[in-house]
$ cat protein.txt   # compact mmCIF, C-alpha atoms
# COMPACT_ATOMS: atom_id res chain seq x y z
CA MET A 1 11.36 22.29 6.52
CA ALA A 2 8.88 25.06 5.73
CA ALA A 3 10.01 27.03 8.75
CA ALA A 4 13.69 26.56 7.82
CA ASN A 5 12.95 27.70 4.28
CA SER A 6 11.11 30.74 5.50
CA HIS A 7 13.89 31.62 7.93
CA GLN A 8 16.45 31.28 5.16
CA GLN A 9 14.42 33.51 2.83
CA GLN A 10 14.06 36.10 5.57
CA ALA A 11 17.82 36.10 6.14
CA ARG A 12 18.36 36.58 2.41
CA ASP A 13 15.91 39.45 2.33
CA GLU A 14 17.72 41.17 5.17
CA GLY A 15 20.96 40.84 3.20
CA ASP A 16 19.23 42.21 0.10
CA ARG A 17 17.88 45.18 2.06
CA ARG A 18 21.31 46.08 3.37
CA LEU A 19 22.69 45.94 -0.17
CA LEU A 20 19.79 47.97 -1.54
CA ALA A 21 20.32 50.68 1.07
CA ARG A 22 23.93 50.97 -0.06
CA VAL A 23 22.81 50.98 -3.71
CA ALA A 24 20.46 53.86 -2.88
CA ALA A 25 23.51 55.73 -1.58
CA GLY A 26 25.25 55.19 -4.94
CA ASP A 27 27.57 52.37 -3.85
CA ARG A 28 28.73 50.72 -7.07
CA GLU A 29 30.19 47.66 -5.35
CA ALA A 30 26.91 46.99 -3.54
CA PHE A 31 25.09 47.30 -6.84
CA ARG A 32 27.48 44.85 -8.44
CA GLU A 33 26.84 42.37 -5.62
CA LEU A 34 23.08 42.76 -5.93
CA TYR A 35 23.36 42.43 -9.69
CA ILE A 36 25.25 39.15 -9.50
CA ILE A 37 22.77 37.76 -6.95
CA TYR A 38 19.74 38.58 -9.10
CA HIS A 39 21.22 37.98 -12.51
CA ARG A 40 20.86 34.23 -12.36
CA ARG A 41 17.35 34.34 -10.95
CA LEU A 42 16.22 36.84 -13.57
CA ALA A 43 17.96 34.96 -16.38
CA ARG A 44 16.09 31.81 -15.46
CA PHE A 45 12.75 33.58 -15.18
CA LEU A 46 13.13 35.72 -18.28
CA THR A 47 14.49 33.11 -20.66
CA ARG A 48 11.50 31.00 -19.75
CA LEU A 49 9.04 33.87 -20.09
CA THR A 50 10.37 35.39 -23.30
CA ARG A 51 11.96 32.25 -24.77
CA GLN A 52 14.38 34.58 -26.46
CA TYR A 53 17.88 34.99 -25.14
CA GLU A 54 18.29 38.49 -26.57
CA ILE A 55 15.11 39.83 -25.01
CA ALA A 56 15.90 38.17 -21.68
CA GLU A 57 19.36 39.70 -21.64
CA GLU A 58 17.98 43.13 -22.44
CA VAL A 59 15.23 42.92 -19.83
CA ILE A 60 17.68 41.84 -17.13
CA ASN A 61 19.66 45.02 -17.59
CA ASP A 62 16.52 47.13 -17.98
CA THR A 63 15.28 45.73 -14.68
CA LEU A 64 18.49 46.33 -12.79
CA TRP A 65 18.81 49.74 -14.36
CA VAL A 66 15.46 50.59 -12.75
CA VAL A 67 16.68 49.04 -9.48
CA TRP A 68 19.72 51.32 -9.54
CA ARG A 69 17.60 54.41 -10.17
CA LYS A 70 14.73 53.57 -7.83
CA ALA A 71 16.60 51.92 -4.95
CA GLY A 72 15.96 54.98 -2.80
CA ASP A 73 12.22 54.73 -3.43
CA PHE A 74 11.97 51.18 -2.08
CA ARG A 75 9.82 51.50 1.04
CA GLY A 76 10.30 47.99 2.34
CA ASP A 77 6.63 47.02 2.07
CA SER A 78 7.63 43.78 0.39
CA ARG A 79 10.70 41.62 0.09
CA VAL A 80 13.38 43.01 -2.17
CA SER A 81 13.06 39.93 -4.40
CA THR A 82 9.31 40.58 -4.85
CA TRP A 83 9.99 44.18 -5.81
CA ILE A 84 12.68 43.23 -8.34
CA MET A 85 10.66 40.36 -9.86
CA GLY A 86 7.71 42.73 -10.25
CA ILE A 87 9.86 45.19 -12.17
CA ALA A 88 11.22 42.35 -14.33
CA TYR A 89 7.72 41.06 -15.04
CA ARG A 90 6.48 44.47 -16.19
CA ARG A 91 9.63 45.20 -18.19
CA ALA A 92 9.37 41.83 -19.93
CA LEU A 93 5.73 42.31 -20.90
CA LYS A 94 6.56 45.76 -22.22
CA ALA A 95 9.55 44.49 -24.19
CA LEU A 96 7.44 41.75 -25.73
CA ARG A 97 4.63 44.14 -26.57
CA SER A 98 7.02 46.58 -28.20
CA ARG A 99 8.09 43.77 -30.49
CA ASN A 100 4.52 42.76 -31.22
CA HIS A 101 5.48 39.47 -29.73
CA ALA A 102 2.30 37.48 -29.36
CA LEU A 103 3.33 35.82 -26.16
CA ILE A 104 0.10 35.89 -24.22
CA ASP A 105 -1.78 32.70 -24.93
CA ALA A 106 0.25 32.22 -28.07
CA VAL A 107 0.30 28.49 -27.54
CA PRO A 108 -3.00 26.80 -28.32
CA ILE A 109 -4.49 25.10 -25.31
CA GLU A 110 -4.69 21.40 -25.83
CA ASN A 111 -7.71 19.73 -24.34
CA GLU A 112 -6.53 16.23 -24.96
CA PRO A 113 -4.07 14.63 -22.55
CA LEU A 114 -0.50 14.92 -23.74
CA VAL A 115 0.35 11.51 -22.45
CA ALA A 116 -1.52 8.49 -21.20
CA PRO A 117 -1.52 8.03 -17.42
CA ASP A 118 0.69 4.96 -17.55
CA GLU A 119 3.24 6.58 -19.85
CA LEU A 120 4.43 9.16 -17.38
CA GLY A 121 7.72 7.42 -16.68
CA ALA A 122 9.93 8.70 -13.90
CA ALA A 123 12.73 9.69 -16.25
CA GLU A 124 10.58 11.81 -18.52
CA THR A 125 8.24 13.25 -15.91
CA SER A 126 9.96 16.63 -15.77
CA GLU A 127 10.02 16.93 -19.54
CA TRP A 128 6.32 16.17 -19.76
CA ILE A 129 5.52 18.66 -17.01
CA LEU A 130 7.51 21.41 -18.72
CA LEU A 131 5.81 20.62 -22.02
CA ALA A 132 2.41 20.79 -20.33
CA MET A 133 3.35 24.05 -18.59
CA ARG A 134 3.96 25.60 -21.98
CA GLN A 135 0.39 24.79 -22.93
CA LEU A 136 -1.02 26.91 -20.12
CA PRO A 137 -2.14 30.49 -20.58
CA THR A 138 0.80 32.70 -19.65
CA GLU A 139 -0.76 34.23 -16.54
CA GLN A 140 -1.53 30.78 -15.12
CA ARG A 141 1.89 29.47 -15.98
CA LEU A 142 3.60 32.46 -14.40
CA ALA A 143 1.58 32.20 -11.19
CA LEU A 144 2.67 28.56 -10.89
CA GLU A 145 6.27 29.42 -11.69
CA PHE A 146 6.43 32.23 -9.16
CA ALA A 147 5.11 29.86 -6.51
CA TYR A 148 6.90 26.61 -7.29
CA GLY A 149 9.98 27.88 -9.08
CA TYR A 150 10.80 30.95 -7.03
CA GLY A 151 9.20 30.30 -3.65
CA HIS A 152 7.03 33.41 -3.59
CA SER A 153 3.98 33.58 -1.33
CA CYS A 154 0.50 34.20 -2.71
CA GLU A 155 0.58 37.84 -1.56
CA GLU A 156 3.98 38.37 -3.16
CA ILE A 157 2.79 36.95 -6.48
CA ALA A 158 -0.17 39.34 -6.34
CA LEU A 159 2.29 42.23 -5.92
CA ILE A 160 4.54 41.03 -8.74
CA MET A 161 1.67 40.45 -11.16
CA ASP A 162 -0.19 43.53 -9.92
CA CYS A 163 -3.47 41.72 -9.32
CA PRO A 164 -5.66 40.73 -6.35
CA VAL A 165 -4.67 37.77 -4.20
CA ASN A 166 -7.82 35.94 -5.24
CA THR A 167 -6.81 36.28 -8.88
CA VAL A 168 -3.53 34.54 -8.07
CA LYS A 169 -5.43 31.74 -6.35
CA THR A 170 -7.76 31.41 -9.33
CA ARG A 171 -4.89 31.33 -11.81
CA MET A 172 -3.10 28.67 -9.80
CA PHE A 173 -6.28 26.65 -9.42
CA HIS A 174 -6.97 26.65 -13.17
CA GLY A 175 -3.30 26.11 -14.00
CA ARG A 176 -3.13 23.03 -11.80
CA ALA A 177 -6.44 21.74 -13.17
CA LYS A 178 -5.13 22.06 -16.73
CA LEU A 179 -1.92 20.30 -15.81
CA ARG A 180 -3.91 17.44 -14.35
CA ALA A 181 -6.02 17.26 -17.51
CA LEU A 182 -2.93 17.26 -19.73
CA LEU A 183 -1.06 14.79 -17.55
CA PRO A 184 -3.53 12.41 -15.94
CA GLY A 185 -0.66 10.38 -14.49
CA LEU A 186 0.98 13.34 -12.80
CA ALA A 187 -0.07 12.47 -9.28
CA GLY A 188 1.33 8.97 -9.70
CA GLU A 189 0.87 6.23 -7.17
CA THR A 190 -0.33 7.12 -3.73
CA GLN A 191 1.36 5.43 -0.83
CA MET B 1 -14.91 25.55 0.53
CA ASN B 2 -14.65 21.87 1.23
CA GLU B 3 -11.66 20.32 2.94
CA HIS B 4 -10.04 19.00 -0.24
CA ALA B 5 -10.31 22.32 -2.07
CA ARG B 6 -8.78 24.09 0.92
CA ALA B 7 -6.03 21.47 1.08
CA HIS B 8 -5.26 21.82 -2.64
CA ASP B 9 -4.92 25.58 -2.25
CA LEU B 10 -2.59 25.21 0.71
CA LEU B 11 -0.44 22.48 -0.79
CA ALA B 12 1.37 24.92 -3.07
CA TRP B 13 2.60 26.86 -0.05
CA MET B 14 3.64 23.71 1.73
CA VAL B 15 5.58 22.66 -1.36
CA ASN B 16 7.37 26.01 -1.63
CA GLY B 17 7.91 26.45 2.10
CA ARG B 18 5.76 29.57 2.51
CA ILE B 19 2.89 28.05 4.48
CA ASP B 20 2.26 29.46 7.95
CA SER B 21 2.38 27.19 10.96
CA ARG B 22 -1.36 27.16 11.62
CA ASP B 23 -2.24 26.15 8.04
CA ALA B 24 0.61 23.64 8.09
CA ALA B 25 -0.80 21.97 11.20
CA TRP B 26 -4.26 21.74 9.66
CA LEU B 27 -2.88 20.43 6.38
CA ASP B 28 -0.70 17.82 8.09
CA ALA B 29 -3.75 16.52 9.92
CA HIS B 30 -5.77 16.42 6.71
CA LEU B 31 -3.02 14.70 4.73
CA ALA B 32 -2.75 12.00 7.36
CA THR B 33 -6.25 10.88 6.49
CA CYS B 34 -6.60 11.81 2.81
CA ALA B 35 -4.89 9.74 0.14
CA ALA B 36 -6.19 11.95 -2.70
CA CYS B 37 -4.57 15.06 -1.23
CA ARG B 38 -1.32 13.17 -0.55
CA SER B 39 -1.36 12.25 -4.21
CA GLU B 40 -1.91 15.90 -5.13
CA LEU B 41 0.99 16.89 -2.85
CA ASP B 42 3.16 14.44 -4.75
CA ALA B 43 2.01 15.96 -8.07
CA GLN B 44 2.75 19.50 -6.95
CA ARG B 45 6.22 18.48 -5.76
CA ARG B 46 6.88 17.05 -9.20
CA VAL B 47 5.86 20.32 -10.78
CA ARG B 48 8.20 22.20 -8.45
CA ASP B 49 11.08 19.82 -9.22
CA ALA B 50 10.45 20.05 -12.97
CA ILE B 51 10.57 23.85 -12.91
CA ALA B 52 13.75 23.82 -10.83
CA ARG B 53 15.31 21.29 -13.16
CA GLU B 54 14.75 23.14 -16.41
CA PRO B 55 18.15 24.14 -17.73
CA THR B 56 18.71 27.71 -18.75
CA VAL B 57 21.35 29.31 -20.84
CA GLU B 58 24.14 30.42 -18.58
CA PHE B 59 24.69 34.12 -18.96
CA ALA B 60 27.88 35.91 -18.05
CA PRO B 61 26.79 38.26 -15.26
CA GLN B 62 30.02 40.21 -14.89
CA ALA B 63 30.16 41.12 -18.59
CA ALA B 64 26.46 42.05 -18.51
CA PHE B 65 27.04 44.15 -15.40
CA ASN B 66 29.85 46.01 -17.13
CA ARG B 67 27.51 46.83 -20.01
CA LEU B 68 24.85 48.11 -17.63
CA TRP B 69 27.37 50.18 -15.70
CA LYS B 70 28.47 51.83 -18.92
CA ARG B 71 24.84 52.66 -19.62
CA ILE B 72 24.46 54.16 -16.15
CA GLU B 73 27.58 56.26 -16.61
CA ALA B 74 26.29 57.36 -20.01
CA ASP B 75 23.01 58.35 -18.32
CA VAL B 76 24.90 60.47 -15.82
CA HIS B 77 26.74 62.24 -18.63
CA GLY B 78 23.55 62.49 -20.66
CA THR B 79 21.43 64.12 -17.96
CA THR B 80 23.96 66.96 -17.64
CA THR B 81 23.18 67.93 -21.22
CA ALA B 82 19.81 66.41 -21.98
CA GLY B 83 18.02 67.76 -18.93
CA ALA B 84 16.46 66.01 -15.99
CA ALA B 85 13.17 64.93 -17.54
CA GLU B 86 14.00 61.30 -17.01
CA SER B 87 14.58 61.78 -13.29
CA HIS B 88 10.86 62.55 -12.88
CA ASP B 89 9.92 59.29 -14.53
CA SER B 90 7.66 57.65 -11.98
CA SER B 91 6.27 54.95 -14.23
CA LEU B 92 9.58 53.08 -14.44
CA GLU B 93 9.38 53.48 -18.19
CA ARG B 94 12.22 54.51 -20.40
CA PRO B 95 13.34 54.07 -24.00
CA ALA B 96 14.57 50.59 -24.78
CA HIS B 97 18.02 51.98 -25.48
CA PRO B 98 19.82 55.12 -24.29
CA PRO B 99 19.44 58.03 -26.68
CA ARG B 100 21.95 58.11 -29.47
CA ALA B 101 23.27 61.46 -28.23
CA ARG B 102 24.81 59.63 -25.29
CA ALA B 103 27.12 57.61 -27.49
CA THR B 104 30.09 59.70 -26.44
CA PRO B 105 33.50 59.26 -28.12
CA TRP B 106 34.84 57.15 -25.26
CA LEU B 107 31.85 54.87 -25.63
CA ARG B 108 32.67 54.38 -29.29
CA VAL B 109 36.21 53.48 -28.25
CA ALA B 110 34.82 51.02 -25.71
CA LEU B 111 32.55 49.49 -28.36
CA ALA B 112 35.47 49.12 -30.74
CA ALA B 113 37.46 47.40 -27.98
CA GLN B 114 34.50 45.14 -27.27
CA ALA B 115 34.22 44.27 -30.97
CA ALA B 116 37.92 43.41 -31.02
CA ALA B 117 37.50 41.22 -27.96
CA ILE B 118 34.55 39.44 -29.58
CA ALA B 119 36.64 38.84 -32.69
CA VAL B 120 39.40 37.30 -30.55
CA LEU B 121 36.82 35.11 -28.83
CA CYS B 122 35.37 34.01 -32.15
CA ILE B 123 38.83 32.99 -33.37
CA ALA B 124 39.45 31.10 -30.14
CA LEU B 125 36.12 29.30 -30.47
CA TRP B 126 36.78 28.51 -34.12
CA ARG B 127 40.06 26.89 -33.16
CA SER B 128 38.56 24.89 -30.31
CA PRO B 129 37.14 21.42 -30.83
CA PRO B 130 33.32 21.27 -30.73
CA ALA B 131 32.11 21.72 -27.16
CA PRO B 132 30.09 18.81 -25.79
CA SER B 133 27.50 21.12 -24.20
CA TYR B 134 26.99 24.65 -22.90
CA GLN B 135 30.07 26.71 -22.20
CA THR B 136 29.82 30.15 -20.69
CA VAL B 137 31.37 33.01 -22.58
CA THR B 138 33.72 33.79 -19.73
CA ASP B 139 34.78 30.26 -18.87
CA PRO B 140 37.77 29.17 -20.87
CA PRO B 141 37.80 25.45 -21.58
CA ILE B 142 39.45 23.87 -18.55
CA GLY B 143 41.18 20.54 -18.56
CA PRO B 144 39.90 17.42 -20.24
CA VAL B 145 36.26 16.85 -21.09
CA ILE B 146 34.54 15.15 -18.18
CA ALA B 147 32.65 12.05 -19.16
CA GLY B 148 29.85 10.61 -17.09
CA PRO B 149 27.35 12.12 -14.68
CA VAL B 150 27.79 15.52 -13.09
CA VAL B 151 25.92 17.73 -10.68
CA LYS B 152 25.71 21.47 -11.19
CA ALA B 153 25.62 23.14 -7.80
CA ILE B 154 25.64 26.59 -6.28
CA PHE B 155 26.55 26.99 -2.63
CA ASP B 156 25.08 29.66 -0.40
CA ASP B 157 27.24 32.77 -0.24
CA GLN B 158 27.70 32.39 3.52
CA VAL B 159 29.00 28.82 3.34
CA ARG B 160 32.52 28.24 4.65
CA LEU B 161 35.12 26.10 2.94
CA ALA B 162 34.83 23.51 5.72
CA ASP B 163 31.11 23.22 4.94
CA VAL B 164 31.78 22.67 1.26
CA LYS B 165 34.28 19.94 2.11
CA GLU B 166 31.78 18.27 4.39
CA ILE B 167 28.98 18.48 1.80
CA LEU B 168 31.25 16.97 -0.85
CA ALA B 169 32.49 14.21 1.46
CA THR B 170 28.95 13.27 2.50
CA SER B 171 27.79 13.22 -1.12
CA ARG B 172 30.92 11.37 -2.30
CA LEU B 173 31.46 14.10 -4.90
CA VAL B 174 34.44 16.20 -5.89
CA VAL B 175 34.69 19.53 -7.70
CA ALA B 176 35.60 19.05 -11.36
CA THR B 177 35.38 22.69 -12.41
CA GLY B 178 34.05 25.91 -11.04
CA PRO B 179 32.97 28.19 -9.81
CA SER B 180 31.83 29.65 -13.11
CA GLU B 181 31.16 33.34 -13.17
CA ALA B 182 27.58 32.53 -12.23
CA GLY B 183 28.89 30.67 -9.17
CA VAL B 184 28.16 27.22 -10.54
CA TYR B 185 30.34 24.28 -9.54
CA THR B 186 30.48 21.14 -11.63
CA LEU B 187 30.66 18.18 -9.27
CA VAL B 188 31.50 14.61 -10.27
CA PRO B 189 31.43 11.35 -8.34
CA ARG B 190 34.59 10.74 -6.29
CA ASP B 191 34.61 7.20 -7.59
CA ALA B 192 35.21 7.48 -11.34
CA HIS B 193 33.37 4.20 -12.00
CA VAL B 194 30.03 5.45 -10.69
CA ALA B 195 27.64 5.50 -13.64
CA ASP B 196 24.89 7.65 -12.12
CA ILE B 197 24.35 10.24 -9.44
CA PRO B 198 22.01 8.52 -6.95
CA PRO B 199 18.69 10.37 -6.59
CA ALA B 200 19.24 10.32 -2.82
CA THR B 201 22.42 12.33 -3.26
CA LEU B 202 20.59 15.00 -5.25
CA GLU B 203 17.76 15.08 -2.74
CA ARG B 204 20.20 15.50 0.13
CA LEU B 205 21.97 18.33 -1.67
CA ARG B 206 18.71 20.10 -2.43
CA ALA B 207 17.51 19.71 1.15
CA ASP B 208 20.76 21.16 2.49
CA PRO B 209 20.20 24.87 3.27
CA ARG B 210 23.84 25.54 2.42
CA VAL B 211 23.20 24.49 -1.19
CA ARG B 212 21.18 26.97 -3.21
CA PHE B 213 20.94 24.86 -6.36
CA ALA B 214 21.75 21.28 -7.30
CA GLU B 215 20.77 19.71 -10.58
CA PRO B 216 22.06 16.87 -12.70
CA GLY B 217 23.67 18.17 -15.83
CA ALA B 218 25.94 17.39 -18.71
CA ARG B 219 29.49 18.63 -18.77
$ encode --input "protein.txt" --output "structure tokens"
Amino acid sequence: MAAANSHQQQARDEGDRRLLARVAAGDREAFRELYIIYHRRLARFLTRLTRQYEIAEEVINDTLWVVWRKAGDFRGDSRVSTWIMGIAYRRALKALRSRNHALIDAVPIENEPLVAPDELGAAETSEWILLAMRQLPTEQRLALEFAYGYGHSCEEIALIMDCPVNTVKTRMFHGRAKLRALLPGLAGETQ
Amino acid sequence: MNEHARAHDLLAWMVNGRIDSRDAAWLDAHLATCAACRSELDAQRRVRDAIAREPTVEFAPQAAFNRLWKRIEADVHGTTTAGAAESHDSSLERPAHPPRARATPWLRVALAAQAAAIAVLCIALWRSPPAPSYQTVTDPPIGPVIAGPVVKAIFDDQVRLADVKEILATSRLVVATGPSEAGVYTLVPRDAHVADIPPATLERLRADPRVRFAEPGAR
């Protein structure tokens, strides 16, 4: 399964690279194709990060505007998706800062469990997890989202978030630990 | 680092499919003997599924693309008069909005046309009955409201029609609407009396490499 996933992602990246090369040559249709492919992914990431539809919408176009202008500078050191998500991440932080939006660690960290271990019913599990995710410091939450939600590798997340690989590992470690503290029943029954 | 700590670190990459084969072999062997790490694997899968499940507002990519393309064209016109300072921008930074000087007459005409189109849309929405859930800007209301369970799905771009038919037949689903501009199909059970989408059906869809996205949703 992991190998199939990886193969699929590699095939997608090759498709992205071909499109990006055409974008670098000024091909509008290729840019439109790339735009449509990444729009959904960015919309999902940015609405969750900014929690504001208007900012997300603006950052999507800011990001792809940079992609259009810098396509020729892409050296292929990373996957195209890593490069684009990195731009989106930086653009989003900048957009939030310019609005004095106190996003980083805006949500107080709860130390008490959100829910008792035996209350984590199957139907509500996802809702509880998403609620708990919102309690995490932003950098930890984002590291987890890049990994679990978008299938990025540890090295790719380091590139996107512009930090050392070990920092990514530390953020994920603490993020998971906080999730476990908030949701003691998360691991459920072990077979 | 002890075995469990190493396993916990690796589990994330097993869950998201990015683990390399050597680590996967070690982790498989460890999981076979460690109930605590199997439990953690289960927890991390739940986190992954929760993140994938979170609904997002459906944007209208084509309309957004058109707006961006106008901005790009305005940039091209703008640099001929405003100089090439921006082309040396290596920090990927730029003003949040194009300079006002670039609001050329044709752009004002385009904005007026856009405003008119929005007004028409508003009237259309005002006349429509209340929508039961999200409706994309570009999707006109189609057919009757679908009651009961649905699956929102996106197929891989390379998938052939025959594949889609096979996926639908295996899952006992049919297409109710779609694709939306974002490429989303709304699938409903073939048998109208089915009250729920079986979890196994969703799991099969998600495991199918031809399906990029499959989530339960409300019509």
$ closest_residue --input "protein.txt" --among "B:Cys34, B:Asp42, B:Phe59, B:Asp20" --to "Arg44 of chain A" --atoms "all atoms listed in the file"
B:Phe59
$ closest_residue --input "protein.txt" --among "A:Leu42, A:Leu130, A:Val80, A:Ala92" --to "chain B" --atoms "all atoms listed in the file"
A:Leu130
$ residues_around --input "protein.txt" --residues "Arg32 of chain A" --least-positions-apart "2" --cutoff "12 Å" --atoms "only C-alpha atoms" --output "list in words"
Leu19, Leu20, Arg22, Val23, Gly26, Asp27, Arg28, Glu29, Ala30, Leu34, Tyr35, Ile36, Ile37, Tyr38, His39, Leu64, Trp65, Val67 and Trp68 of chain A; Pro61, Gln62, Ala63, Ala64, Phe65, Asn66, Arg67, Leu68 and Trp69 of chain B
$ atom_distance --input "protein.txt" --atom1 "atom CA of Val59 of chain A" --atom2 "atom CA of Pro179 of chain B"
25.1 Å
$ atom_distance --input "protein.txt" --atom1 "atom CA of Met172 of chain A" --atom2 "atom CA of Arg141 of chain A"
8.0 Å
$ atom_distance --input "protein.txt" --atom1 "atom CA of Pro149 of chain B" --atom2 "atom CA of Gln44 of chain B"
26.8 Å
$ interface_residues --input "protein.txt" --of "chain B" --to "chain A" --cutoff "6 Å" --atoms "only C-alpha atoms" --output "list of chain:residue names"
B:Asn16, B:Gly17, B:Arg18, B:Ser39, B:Glu40, B:Asp42, B:Ala43, B:Arg48, B:Ala50, B:Ile51, B:Ala52, B:Thr56
$ residues_around --input "protein.txt" --residues "Arg79 of chain A" --least-positions-apart "4" --cutoff "9 Å" --atoms "only C-alpha atoms" --output "PyMOL selection string"
chain A and resi 10+13-14+16-17+83-84+156
$ write_last_selection --input "protein.txt" --atoms "C-alpha atoms" --output "PDB file, in the coordinates of the input"
ATOM      1  CA  GLN A  10      14.060  36.100   5.570  1.00  0.00           C
ATOM      2  CA  ASP A  13      15.910  39.450   2.330  1.00  0.00           C
ATOM      3  CA  GLU A  14      17.720  41.170   5.170  1.00  0.00           C
ATOM      4  CA  ASP A  16      19.230  42.210   0.100  1.00  0.00           C
ATOM      5  CA  ARG A  17      17.880  45.180   2.060  1.00  0.00           C
ATOM      6  CA  TRP A  83       9.990  44.180  -5.810  1.00  0.00           C
ATOM      7  CA  ILE A  84      12.680  43.230  -8.340  1.00  0.00           C
ATOM      8  CA  GLU A 156       3.980  38.370  -3.160  1.00  0.00           C
TER       9      GLU A 156
END
$ closest_residue --input "protein.txt" --among "A:Arg171, A:Lys178, A:Arg134, A:Arg18" --to "Phe74 of chain A" --atoms "only C-alpha atoms"
A:Arg18
$ residues_around --input "protein.txt" --residues "segment 176-178 of chain B" --least-positions-apart "6" --cutoff "6 Å" --atoms "all atoms listed in the file" --output "short mmCIF file (atom, residue, chain, number, x, y, z; two decimals) with C-alpha atoms, keeping the file's coordinate frame"
data_model
loop_
_atom_site.label_atom_id
_atom_site.label_comp_id
_atom_site.auth_asym_id
_atom_site.auth_seq_id
_atom_site.Cartn_x
_atom_site.Cartn_y
_atom_site.Cartn_z
CA TYR B 185 30.34 24.28 -9.54
CA THR B 186 30.48 21.14 -11.63
CA LEU B 187 30.66 18.18 -9.27
#
$ closest_residue --input "protein.txt" --among "B:His8, B:Lys152, B:Arg22, B:Arg46" --to "Pro189 of chain B" --atoms "all atoms listed in the file"
B:Lys152
$ residues_around --input "protein.txt" --residues "Ile160 of chain A" --least-positions-apart "6" --cutoff "7 Å" --atoms "only C-alpha atoms" --output "list in words"
Thr82, Trp83, Met85 and Gly86 of chain A
$ closest_residue --input "protein.txt" --among "B:Val211, B:Ile197, B:Leu31, B:Leu10" --to "Val164 of chain B" --atoms "all atoms listed in the file"
B:Val211
$ decode --input "protein.txt" --residues "segment 22-33 of chain B" --atoms "N, CA, C and O atoms" --output "short mmCIF file (atom, residue, chain, number, x, y, z; two decimals), in the first residue's frame"
data_model
loop_
_atom_site.label_atom_id
_atom_site.label_comp_id
_atom_site.auth_asym_id
_atom_site.auth_seq_id
_atom_site.Cartn_x
_atom_site.Cartn_y
_atom_site.Cartn_z
N ARG B 22 12.83 -0.29 3.99
CA ARG B 22 13.60 -0.84 5.09
C ARG B 22 12.93 -0.54 6.44
O ARG B 22 12.77 -1.41 7.30
N ASP B 23 12.51 0.73 6.61
CA ASP B 23 11.80 1.10 7.85
C ASP B 23 10.49 0.34 7.96
O ASP B 23 10.08 -0.05 9.06
N ALA B 24 9.82 0.15 6.81
CA ALA B 24 8.53 -0.55 6.83
C ALA B 24 8.72 -1.98 7.32
O ALA B 24 7.91 -2.49 8.11
N ALA B 25 9.79 -2.62 6.87
CA ALA B 25 10.04 -4.01 7.27
C ALA B 25 10.30 -4.08 8.78
O ALA B 25 9.76 -4.95 9.48
N TRP B 26 11.11 -3.13 9.27
CA TRP B 26 11.39 -3.12 10.71
C TRP B 26 10.11 -2.87 11.50
O TRP B 26 9.82 -3.53 12.50
N LEU B 27 9.32 -1.91 11.02
CA LEU B 27 8.10 -1.53 11.75
C LEU B 27 7.09 -2.68 11.75
O LEU B 27 6.45 -2.95 12.77
N ASP B 28 6.96 -3.35 10.61
CA ASP B 28 6.04 -4.49 10.54
C ASP B 28 6.41 -5.54 11.59
O ASP B 28 5.54 -6.08 12.28
N ALA B 29 7.72 -5.80 11.68
CA ALA B 29 8.18 -6.81 12.64
C ALA B 29 7.88 -6.35 14.07
O ALA B 29 7.44 -7.15 14.91
N HIS B 30 8.09 -5.07 14.33
CA HIS B 30 7.84 -4.55 15.67
C HIS B 30 6.34 -4.60 16.00
O HIS B 30 5.93 -5.03 17.10
N LEU B 31 5.53 -4.20 15.04
CA LEU B 31 4.07 -4.17 15.28
C LEU B 31 3.53 -5.57 15.56
O LEU B 31 2.56 -5.72 16.32
N ALA B 32 4.14 -6.55 14.95
CA ALA B 32 3.66 -7.92 15.14
C ALA B 32 3.76 -8.35 16.60
O ALA B 32 3.01 -9.23 17.05
N THR B 33 4.65 -7.70 17.34
CA THR B 33 4.85 -8.13 18.73
C THR B 33 4.45 -7.07 19.74
O THR B 33 4.57 -7.30 20.95
#
